[in-house]
Structure formats: C-alpha cells, structure tokens
$ cat protein.cif   # mmCIF, C-alpha atoms
data_final
#
loop_
_atom_site.label_atom_id
_atom_site.label_comp_id
_atom_site.auth_asym_id
_atom_site.auth_seq_id
_atom_site.Cartn_x
_atom_site.Cartn_y
_atom_site.Cartn_z
CA MET A 250 0.99 15.65 -35.01
CA THR A 251 -2.27 14.20 -33.73
CA PRO A 252 -2.33 13.91 -29.95
CA ASP A 253 -2.74 10.36 -28.76
CA ARG A 254 -6.00 8.92 -27.51
CA HIS A 255 -4.53 7.10 -24.53
CA GLY A 256 -7.01 6.05 -21.88
CA SER A 257 -10.05 6.73 -24.06
CA ALA A 258 -11.54 3.23 -24.17
CA ILE A 259 -15.22 3.11 -23.28
CA ILE A 260 -16.16 0.00 -21.32
CA THR A 261 -19.81 -0.89 -20.89
CA PHE A 262 -21.80 -3.78 -19.45
CA PRO A 263 -24.99 -3.50 -21.54
CA ASN A 264 -26.60 -6.61 -20.05
CA GLU A 265 -25.80 -9.54 -17.79
CA LEU A 266 -23.84 -11.48 -20.42
CA GLU A 267 -21.82 -8.88 -22.29
CA VAL A 268 -18.80 -6.66 -21.96
CA VAL A 269 -18.42 -4.14 -24.80
CA ILE A 270 -15.34 -1.99 -25.28
CA THR A 271 -15.05 0.74 -27.91
CA ARG A 272 -11.94 2.68 -28.89
CA GLU A 273 -11.00 4.97 -31.78
CA PHE A 274 -7.73 4.85 -33.70
CA ASP A 275 -6.32 7.44 -36.10
CA ALA A 276 -5.54 4.87 -38.77
CA PRO A 277 -7.22 3.40 -41.85
CA ILE A 278 -9.49 0.42 -41.28
CA ALA A 279 -7.37 -2.00 -43.33
CA LEU A 280 -4.28 -1.30 -41.23
CA VAL A 281 -6.19 -1.62 -37.95
CA PHE A 282 -7.65 -4.92 -39.12
CA ASP A 283 -4.18 -6.26 -39.98
CA VAL A 284 -2.74 -5.12 -36.65
CA LEU A 285 -5.54 -6.95 -34.82
CA THR A 286 -5.43 -10.17 -36.85
CA LYS A 287 -1.92 -10.83 -38.17
CA PRO A 288 0.42 -12.70 -35.82
CA GLU A 289 3.46 -10.62 -36.84
CA HIS A 290 1.57 -7.53 -35.63
CA VAL A 291 -0.25 -9.02 -32.62
CA SER A 292 3.01 -10.35 -31.24
CA ARG A 293 4.28 -6.74 -31.13
CA TRP A 294 1.52 -5.35 -28.90
CA GLY A 295 -0.09 -8.42 -27.32
CA ALA A 296 1.78 -8.64 -24.03
CA THR A 297 1.70 -6.18 -21.13
CA PRO A 298 5.30 -5.78 -19.91
CA PRO A 299 6.82 -7.51 -18.00
CA ASP A 300 4.68 -10.32 -19.47
CA ARG A 301 6.01 -11.85 -22.67
CA MET A 302 4.07 -13.37 -25.52
CA THR A 303 5.43 -16.84 -26.13
CA GLU A 304 3.04 -18.05 -28.81
CA CYS A 305 0.82 -16.32 -31.34
CA SER A 306 -0.83 -18.32 -34.09
CA ILE A 307 -3.83 -17.09 -36.11
CA ASP A 308 -5.48 -19.04 -38.92
CA LEU A 309 -7.88 -16.34 -40.09
CA ARG A 310 -10.68 -18.22 -41.86
CA VAL A 311 -14.01 -19.66 -40.78
CA GLY A 312 -13.19 -22.84 -38.85
CA GLY A 313 -9.58 -21.74 -38.39
CA THR A 314 -8.16 -21.41 -34.90
CA TYR A 315 -6.08 -18.91 -32.95
CA HIS A 316 -3.88 -19.48 -29.96
CA SER A 317 -1.86 -17.04 -27.89
CA SER A 318 0.27 -17.79 -24.82
CA PHE A 319 1.93 -15.48 -22.35
CA VAL A 320 4.37 -15.83 -19.51
CA THR A 321 4.32 -13.32 -16.66
CA GLY A 322 7.32 -11.87 -14.83
CA ASP A 323 7.00 -14.57 -12.14
CA GLY A 324 6.79 -17.39 -14.68
CA THR A 325 3.01 -17.97 -14.68
CA VAL A 326 1.72 -19.10 -18.06
CA PHE A 327 -1.69 -18.07 -19.41
CA SER A 328 -3.26 -18.53 -22.80
CA PHE A 329 -6.27 -17.83 -24.99
CA HIS A 330 -7.60 -19.90 -27.84
CA GLY A 331 -10.67 -20.24 -30.03
CA THR A 332 -12.14 -20.94 -33.45
CA TYR A 333 -13.25 -18.37 -36.02
CA LEU A 334 -17.00 -18.39 -36.71
CA GLU A 335 -17.11 -15.37 -39.06
CA VAL A 336 -14.31 -13.62 -40.93
CA GLU A 337 -15.11 -10.51 -43.00
CA PRO A 338 -11.96 -8.44 -43.60
CA PRO A 339 -11.60 -5.61 -42.79
CA VAL A 340 -14.81 -5.09 -40.81
CA ARG A 341 -15.57 -8.03 -38.61
CA THR A 342 -14.46 -11.28 -37.01
CA VAL A 343 -16.43 -13.50 -34.62
CA GLU A 344 -14.65 -16.24 -32.71
CA THR A 345 -15.09 -18.50 -29.72
CA TRP A 346 -13.02 -17.38 -26.74
CA HIS A 347 -11.41 -19.63 -24.14
CA PHE A 348 -9.10 -18.52 -21.35
CA ASN A 349 -7.08 -21.24 -19.59
CA CYS A 350 -7.52 -19.61 -16.16
CA TRP A 351 -11.33 -19.80 -16.42
CA PRO A 352 -11.81 -23.34 -17.82
CA ASP A 353 -15.59 -23.38 -17.24
CA VAL A 354 -16.23 -20.13 -19.04
CA GLU A 355 -17.47 -20.08 -22.62
CA ALA A 356 -17.68 -16.87 -24.55
CA VAL A 357 -17.90 -15.51 -28.08
CA GLU A 358 -15.70 -12.57 -29.02
CA THR A 359 -16.71 -10.11 -31.73
CA MET A 360 -14.35 -7.55 -33.21
CA GLU A 361 -15.87 -4.91 -35.46
CA LEU A 362 -14.28 -1.98 -37.26
CA GLN A 363 -15.81 1.07 -38.86
CA GLU A 364 -13.91 3.89 -40.56
CA ARG A 365 -15.13 7.46 -40.80
CA ASP A 366 -13.09 10.51 -41.80
CA GLY A 367 -9.85 8.62 -41.30
CA VAL A 368 -10.76 7.46 -37.79
CA THR A 369 -11.39 3.76 -37.23
CA THR A 370 -13.70 2.75 -34.40
CA PHE A 371 -12.97 -0.62 -32.88
CA THR A 372 -15.84 -2.34 -31.06
CA TRP A 373 -14.72 -5.33 -29.10
CA SER A 374 -17.28 -7.43 -27.29
CA LEU A 375 -17.30 -10.60 -25.27
CA THR A 376 -20.60 -12.40 -24.85
CA PHE A 377 -20.59 -15.04 -22.14
CA ASN A 378 -22.79 -18.12 -22.12
CA ASP A 379 -24.00 -17.40 -18.63
CA GLN A 380 -23.78 -14.64 -16.10
CA ALA A 381 -21.30 -16.56 -13.94
CA GLY A 382 -18.90 -16.32 -16.87
CA ARG A 383 -19.42 -12.60 -17.35
CA ASP A 384 -19.02 -12.03 -13.64
CA HIS A 385 -15.44 -13.30 -13.91
CA MET A 386 -14.81 -10.02 -15.72
CA THR A 387 -16.43 -7.94 -13.02
CA GLY A 388 -15.30 -9.95 -9.99
CA PHE A 389 -12.84 -8.27 -7.66
CA ASP A 390 -10.23 -9.99 -5.48
CA GLY A 391 -11.47 -13.34 -6.67
CA GLN A 392 -14.93 -12.79 -5.24
CA GLN A 393 -17.69 -13.61 -7.65
CA GLU A 394 -20.12 -10.85 -6.91
CA SER A 395 -22.93 -10.08 -9.26
CA LEU A 396 -22.13 -6.49 -10.02
CA ASP A 397 -24.46 -6.02 -12.99
CA GLU A 398 -24.70 -2.37 -13.81
CA MET A 399 -22.67 -1.21 -10.87
CA GLU A 400 -19.85 0.08 -13.03
CA ASN A 401 -22.26 2.22 -14.98
CA ILE A 402 -23.84 3.57 -11.83
CA LEU A 403 -20.42 4.39 -10.45
CA ARG A 404 -19.26 6.16 -13.51
CA THR A 405 -22.42 8.21 -13.69
CA LEU A 406 -22.11 9.11 -10.02
CA LEU A 407 -18.51 10.16 -10.21
CA THR A 408 -19.03 12.06 -13.42
CA ALA A 409 -22.03 13.86 -11.98
CA ARG A 410 -19.87 14.86 -9.05
CA ASP A 411 -16.81 16.14 -10.93
CA MET B 217 -14.28 -17.29 2.53
CA ALA B 218 -14.73 -14.89 5.43
CA ARG B 219 -16.89 -12.00 4.41
CA ALA B 220 -17.56 -8.71 6.07
CA SER B 221 -21.21 -8.11 6.87
CA THR B 222 -23.25 -5.95 4.52
CA THR B 223 -23.32 -3.20 7.09
CA THR B 224 -19.55 -2.71 7.11
CA ASP B 225 -18.53 -3.59 3.58
CA VAL B 226 -19.42 -1.26 0.77
CA PHE B 227 -18.72 -3.98 -1.80
CA ASN B 228 -21.27 -6.27 -0.23
CA ALA B 229 -23.74 -3.45 0.19
CA VAL B 230 -23.86 -2.91 -3.57
CA GLY B 231 -23.73 -6.65 -4.26
CA ASP B 232 -27.51 -6.72 -3.91
CA ALA B 233 -29.60 -5.93 -7.00
CA HIS B 234 -32.36 -4.25 -4.95
CA ARG B 235 -29.93 -1.89 -3.29
CA ARG B 236 -28.40 -1.05 -6.66
CA ALA B 237 -31.91 -0.28 -7.93
CA ILE B 238 -32.34 2.16 -5.05
CA LEU B 239 -28.95 3.78 -5.77
CA ASP B 240 -30.07 4.10 -9.37
CA VAL B 241 -33.22 5.96 -8.34
CA LEU B 242 -31.17 8.31 -6.16
CA LEU B 243 -28.89 9.19 -9.08
CA THR B 244 -31.36 11.85 -10.14
CA GLY B 245 -31.33 13.50 -6.74
CA GLU B 246 -32.70 13.42 -3.21
CA LYS B 247 -35.94 11.46 -2.77
CA SER B 248 -38.41 10.74 0.00
CA VAL B 249 -38.87 7.12 1.04
CA GLY B 250 -42.31 7.24 -0.57
CA ALA B 251 -40.88 8.43 -3.88
CA ILE B 252 -38.27 5.65 -3.83
CA VAL B 253 -40.94 3.03 -3.12
CA GLY B 254 -42.89 4.41 -6.06
CA GLN B 255 -39.99 3.83 -8.45
CA VAL B 256 -38.76 0.40 -7.37
CA SER B 257 -41.11 -2.56 -7.28
CA MET B 258 -40.54 -3.35 -3.61
CA PRO B 259 -42.71 -3.00 -0.51
CA GLN B 260 -41.88 -0.09 1.75
CA PRO B 261 -40.48 -2.17 4.66
CA HIS B 262 -37.96 -3.77 2.25
CA VAL B 263 -36.96 -0.40 0.84
CA SER B 264 -36.49 0.94 4.37
CA ARG B 265 -34.32 -2.02 5.31
CA HIS B 266 -32.11 -1.59 2.22
CA LEU B 267 -31.86 2.14 2.87
CA ARG B 268 -30.69 1.40 6.39
CA VAL B 269 -27.89 -0.86 5.06
CA LEU B 270 -26.88 1.75 2.47
CA SER B 271 -26.93 4.41 5.17
CA GLU B 272 -24.79 2.34 7.56
CA VAL B 273 -22.02 1.88 4.98
CA GLY B 274 -22.27 5.57 4.18
CA LEU B 275 -23.52 5.28 0.60
CA VAL B 276 -26.60 7.38 1.31
CA GLU B 277 -27.31 10.25 3.69
CA ARG B 278 -30.60 10.82 5.49
CA ARG B 279 -32.41 14.05 6.23
CA THR B 280 -35.59 14.35 8.25
CA GLU B 281 -38.16 17.05 7.58
CA GLY B 282 -41.21 16.85 9.83
CA ARG B 283 -42.54 13.33 9.50
CA HIS B 284 -40.75 12.69 6.20
CA ARG B 285 -37.36 11.16 5.60
CA PHE B 286 -35.32 12.04 2.55
CA TYR B 287 -32.35 10.15 1.18
CA ARG B 288 -29.56 11.24 -1.13
CA LEU B 289 -26.36 9.65 -2.43
CA ALA B 290 -23.12 10.13 -0.55
CA PRO B 291 -20.55 9.25 -3.23
CA ASP B 292 -17.43 9.40 -1.02
CA GLN B 293 -17.92 5.80 0.06
CA LEU B 294 -17.98 4.70 -3.56
CA ARG B 295 -14.25 5.44 -3.79
CA PRO B 296 -13.06 1.84 -3.10
CA LEU B 297 -15.41 0.58 -5.80
CA HIS B 298 -14.24 3.26 -8.16
CA ASP B 299 -10.61 2.32 -7.47
CA TRP B 300 -11.37 -1.26 -8.44
CA VAL B 301 -13.15 -0.24 -11.62
CA ALA B 302 -10.28 2.11 -12.44
CA LYS B 303 -7.79 -0.76 -12.16
CA TYR B 304 -9.85 -2.86 -14.55
CA GLU B 305 -10.26 0.03 -16.93
CA ARG B 306 -6.53 0.69 -16.85
CA ALA B 307 -5.69 -2.89 -17.91
CA ILE B 308 -7.97 -2.61 -20.93
CA ASN B 309 -6.74 0.86 -21.79
CA ASP B 310 -3.09 -0.23 -21.54
CA ARG B 311 -3.73 -2.89 -24.16
CA LEU B 312 -5.56 -0.54 -26.53
CA ASP B 313 -2.96 2.19 -25.99
CA ARG B 314 -0.26 -0.27 -27.06
CA ILE B 315 -2.22 -0.99 -30.25
CA GLU B 316 -2.45 2.75 -30.89
CA ASP B 317 1.27 3.30 -30.33
CA TYR B 318 2.08 0.43 -32.64
CA LEU B 319 -0.27 1.77 -35.34
CA THR B 320 1.39 5.18 -35.03
CA GLU B 321 4.82 3.59 -35.40
CA LEU B 322 3.73 1.62 -38.47
CA GLN B 323 2.22 4.70 -40.13
CA ARG B 324 5.33 6.76 -39.40
CA GLN B 325 7.48 4.05 -40.97
CA GLY B 326 5.13 4.06 -43.98
CA GLU B 327 5.55 7.82 -44.39
CA ASP B 328 9.33 7.55 -44.07
CA SER B 329 9.55 4.92 -46.81
CA ASP B 330 7.31 7.05 -49.09
CA THR B 331 9.74 9.97 -49.04
#
$ encode --input "protein.cif" --output "structure tokens"
Amino acid sequence: MTPDRHGSAIITFPNELEVVITREFDAPIALVFDVLTKPEHVSRWGATPPDRMTECSIDLRVGGTYHSSFVTGDGTVFSFHGTYLEVEPPVRTVETWHFNCWPDVEAVETMELQERDGVTTFTWSLTFNDQAGRDHMTGFDGQQESLDEMENILRTLLTARD
Amino acid sequence: MARASTTTDVFNAVGDAHRRAILDVLLTGEKSVGAIVGQVSMPQPHVSRHLRVLSEVGLVERRTEGRHRFYRLAPDQLRPLHDWVAKYERAINDRLDRIEDYLTELQRQGEDSDT
C-alpha cells in the first residue's frame, strides 16, 4: 500500500497578489477532478471537523456559479461563492472567489491538474485584486501586516538550520 | 490597536520590507555592514538603524573584529513567526489530506467492486 502524503502541501507566495499551493495525489486525474468539482464529493471532504458543510452547490460551466456554506462548532456561519470563468475538465477551472468574512476582498481562484505516472499534481492558486486582499491570507491575529516573502525567508532559514 | 514597539516585537521587526531585505541578504551567511549596504539599495545609516532593530529583537547577532562589524542571523527568535506559519500551513494541509483520504477510500471501493 502506498504511504500517504499527509502534510506535503507546498505553499508559496510568489508575488504580492498570489498564494499558490501545490499537492500531489496518488489518483488518476479524472477522479481528482471529480472529487474537486462534484458536490456529492466536495460535501464529503469540504468541512474541517467540528465544522459542518451545510450547503454545496456547483454549476460547473462558464458563467455557472458555486456556493458553499459551513457552520462551525460554536454556530458561526461562513461561506464561499463565485462564478466560473473557465472550465476545462479534467485539467483546469478558473473562478471568481468571494468569502463572506472578507467582503471587500476580490480574488480569482485557479485549480489546475496534471497527471504523470499515475500521480496527479494539483496546483491551487488565489490571485487577489490588491495586496490588502492577499494580506488577509498572511495576516496573523487579525493584524494586517505586509508580510510579503517572509514565509519563504522563514522556511529557508529553518530548513538551512535543520 | 495597541502595538508593541519594533524593538520588542519580532512580528513588527519583520513587518518592514527593508528589514526583510537585510534578513534576505544574511541568509547566505555572515556579512559586514559594508557588504550588506552593497547588496540592498539603502544608505549605510539606514542599514545600521535597521540592523540595530533586528539586533534588539534578537533576529541578528553582531560580532566586532577590529573596526569592522559583522552580522549574522540568529534564527531562534524566528520561532513565534514559524509557529504562526505552521498553523496556517496545517489548516491547508488538513484540507488537502482530507481530499487524499477520500480519494483513497473511493479507489479502494472501486477495487472492491471490480473483484
């Protein structure tokens, strides 16, 4: 049995507007695409316990919309929604990305898949309209610091040390 | 919001792009002030001031040799930053790990129904 790849996501901040995450899965590209884009699948992995997914609708075509809602253990509701700009099964979708907790933030999400020797690489990026939006992702304790490449510096430092 | 001063708060100390540029230069090893000035486009007094802040929060260590001062990274103080990054990384990894587990489950079911 193949050992799992838990914890192997690579998170990078290539510029002031983007967050790019890559992760490999030992599964064929068509299956990975379905798991990422079909509501019956997304509803199975979408929520982080004890959160629950309360809504998951996906109209996978250009101009179609998606909407997902969650409720946390303490009853807080949060949701994501957007409109598909590009849909190319099983390799790519591009969609607008809105998060109810950050109403001023506009972003475009891109999901890309590539299969090689039975391993599918998932590249998941969020491109924000402005740096203030991206900094929501890198802010800590609600402070909106401009952290830019700090994460990369840190990782390099700690790796160099280990 | 009340904020700690840059000289006591490591988060604030790296909140400045110039200081991050200096940390970047020091990644490759110990450097003299002159060498740092040569690699960042900042006048020497500015570099010295940023180095002082970085030194006060413990991100860099100073060594004097004759008339020259050398600086190197002191990564221990980066731990709180690393802890924050680790938390963020964990949230993303948790999500992707759930996708992996679900894919594994689906593929196992597929194999079972084939036999």
$ resolve_selection --input "protein.cif" --expression "the PyMOL selection byres ((chain B and resi 234) around 10)" --output "list of chain:residue names"
B:Val230, B:Gly231, B:Asp232, B:Ala233, B:Arg235, B:Arg236, B:Ala237, B:Ile238, B:Leu239, B:Asp240, B:Val256, B:Ser257, B:Met258, B:His262, B:Val263, B:His266
$ atom_distance --input "protein.cif" --atom1 "CA of Leu280 (chain A)" --atom2 "CA of Ile308 (chain B)"
20.7 Å
$ resolve_selection --input "protein.cif" --expression "the PyMOL selection byres ((chain B) within 8 of (chain A))" --output "ChimeraX atom specification"
/B:230-233,236,239-240,243,291,294,297-298,300-301,305-306,308-316,318-320,323
$ write_last_selection --input "protein.cif" --atoms "C-alpha atoms" --output "short mmCIF file (atom, residue, chain, number, x, y, z; two decimals), keeping the file's coordinate frame"
data_model
loop_
_atom_site.label_atom_id
_atom_site.label_comp_id
_atom_site.auth_asym_id
_atom_site.auth_seq_id
_atom_site.Cartn_x
_atom_site.Cartn_y
_atom_site.Cartn_z
CA VAL B 230 -23.86 -2.91 -3.57
CA GLY B 231 -23.73 -6.65 -4.26
CA ASP B 232 -27.51 -6.72 -3.91
CA ALA B 233 -29.60 -5.93 -7.00
CA ARG B 236 -28.40 -1.05 -6.66
CA LEU B 239 -28.95 3.78 -5.77
CA ASP B 240 -30.07 4.10 -9.37
CA LEU B 243 -28.89 9.19 -9.08
CA PRO B 291 -20.55 9.25 -3.23
CA LEU B 294 -17.98 4.70 -3.56
CA LEU B 297 -15.41 0.58 -5.80
CA HIS B 298 -14.24 3.26 -8.16
CA TRP B 300 -11.37 -1.26 -8.44
CA VAL B 301 -13.15 -0.24 -11.62
CA GLU B 305 -10.26 0.03 -16.93
CA ARG B 306 -6.53 0.69 -16.85
CA ILE B 308 -7.97 -2.61 -20.93
CA ASN B 309 -6.74 0.86 -21.79
CA ASP B 310 -3.09 -0.23 -21.54
CA ARG B 311 -3.73 -2.89 -24.16
CA LEU B 312 -5.56 -0.54 -26.53
CA ASP B 313 -2.96 2.19 -25.99
CA ARG B 314 -0.26 -0.27 -27.06
CA ILE B 315 -2.22 -0.99 -30.25
CA GLU B 316 -2.45 2.75 -30.89
CA TYR B 318 2.08 0.43 -32.64
CA LEU B 319 -0.27 1.77 -35.34
CA THR B 320 1.39 5.18 -35.03
CA GLN B 323 2.22 4.70 -40.13
#
$ residues_around --input "protein.cif" --residues "region 328-334 of chain A" --least-positions-apart "4" --cutoff "9 Å" --atoms "all atoms listed in the file" --output "PyMOL selection string"
chain A and resi 304+308-320+342-350+357
$ atom_distance --input "protein.cif" --atom1 "CA of Ser264 (chain B)" --atom2 "CA of Arg295 (chain B)"
24.1 Å
$ atom_distance --input "protein.cif" --atom1 "CA of Thr321 (chain A)" --atom2 "CA of Pro299 (chain A)"
6.5 Å
$ residues_near_point --input "protein.cif" --point "(-38.3, 12.2, -4.4)" --cutoff "12 Å" --atoms "only C-alpha atoms" --output "list of chain:residue names"
B:Ile238, B:Val241, B:Leu242, B:Leu243, B:Thr244, B:Gly245, B:Glu246, B:Lys247, B:Ser248, B:Val249, B:Gly250, B:Ala251, B:Ile252, B:Val253, B:Gly254, B:Gln255, B:His284, B:Arg285, B:Phe286, B:Tyr287, B:Arg288
$ write_last_selection --input "protein.cif" --atoms "C-alpha atoms" --output "PDB file, in the frame of the given file"
ATOM      1  CA  ILE B 238     -32.340   2.160  -5.050  1.00  0.00           C
ATOM      2  CA  VAL B 241     -33.220   5.960  -8.340  1.00  0.00           C
ATOM      3  CA  LEU B 242     -31.170   8.310  -6.160  1.00  0.00           C
ATOM      4  CA  LEU B 243     -28.890   9.190  -9.080  1.00  0.00           C
ATOM      5  CA  THR B 244     -31.360  11.850 -10.140  1.00  0.00           C
ATOM      6  CA  GLY B 245     -31.330  13.500  -6.740  1.00  0.00           C
ATOM      7  CA  GLU B 246     -32.700  13.420  -3.210  1.00  0.00           C
ATOM      8  CA  LYS B 247     -35.940  11.460  -2.770  1.00  0.00           C
ATOM      9  CA  SER B 248     -38.410  10.740   0.000  1.00  0.00           C
ATOM     10  CA  VAL B 249     -38.870   7.120   1.040  1.00  0.00           C
ATOM     11  CA  GLY B 250     -42.310   7.240  -0.570  1.00  0.00           C
ATOM     12  CA  ALA B 251     -40.880   8.430  -3.880  1.00  0.00           C
ATOM     13  CA  ILE B 252     -38.270   5.650  -3.830  1.00  0.00           C
ATOM     14  CA  VAL B 253     -40.940   3.030  -3.120  1.00  0.00           C
ATOM     15  CA  GLY B 254     -42.890   4.410  -6.060  1.00  0.00           C
ATOM     16  CA  GLN B 255     -39.990   3.830  -8.450  1.00  0.00           C
ATOM     17  CA  HIS B 284     -40.750  12.690   6.200  1.00  0.00           C
ATOM     18  CA  ARG B 285     -37.360  11.160   5.600  1.00  0.00           C
ATOM     19  CA  PHE B 286     -35.320  12.040   2.550  1.00  0.00           C
ATOM     20  CA  TYR B 287     -32.350  10.150   1.180  1.00  0.00           C
ATOM     21  CA  ARG B 288     -29.560  11.240  -1.130  1.00  0.00           C
TER      22      ARG B 288
END
$ resolve_selection --input "protein.cif" --expression "the PyMOL selection byres ((chain A and resi 341) around 10)" --output "number ranges by chain"
A: 282, 335-340, 342-343, 359-363, 371-373
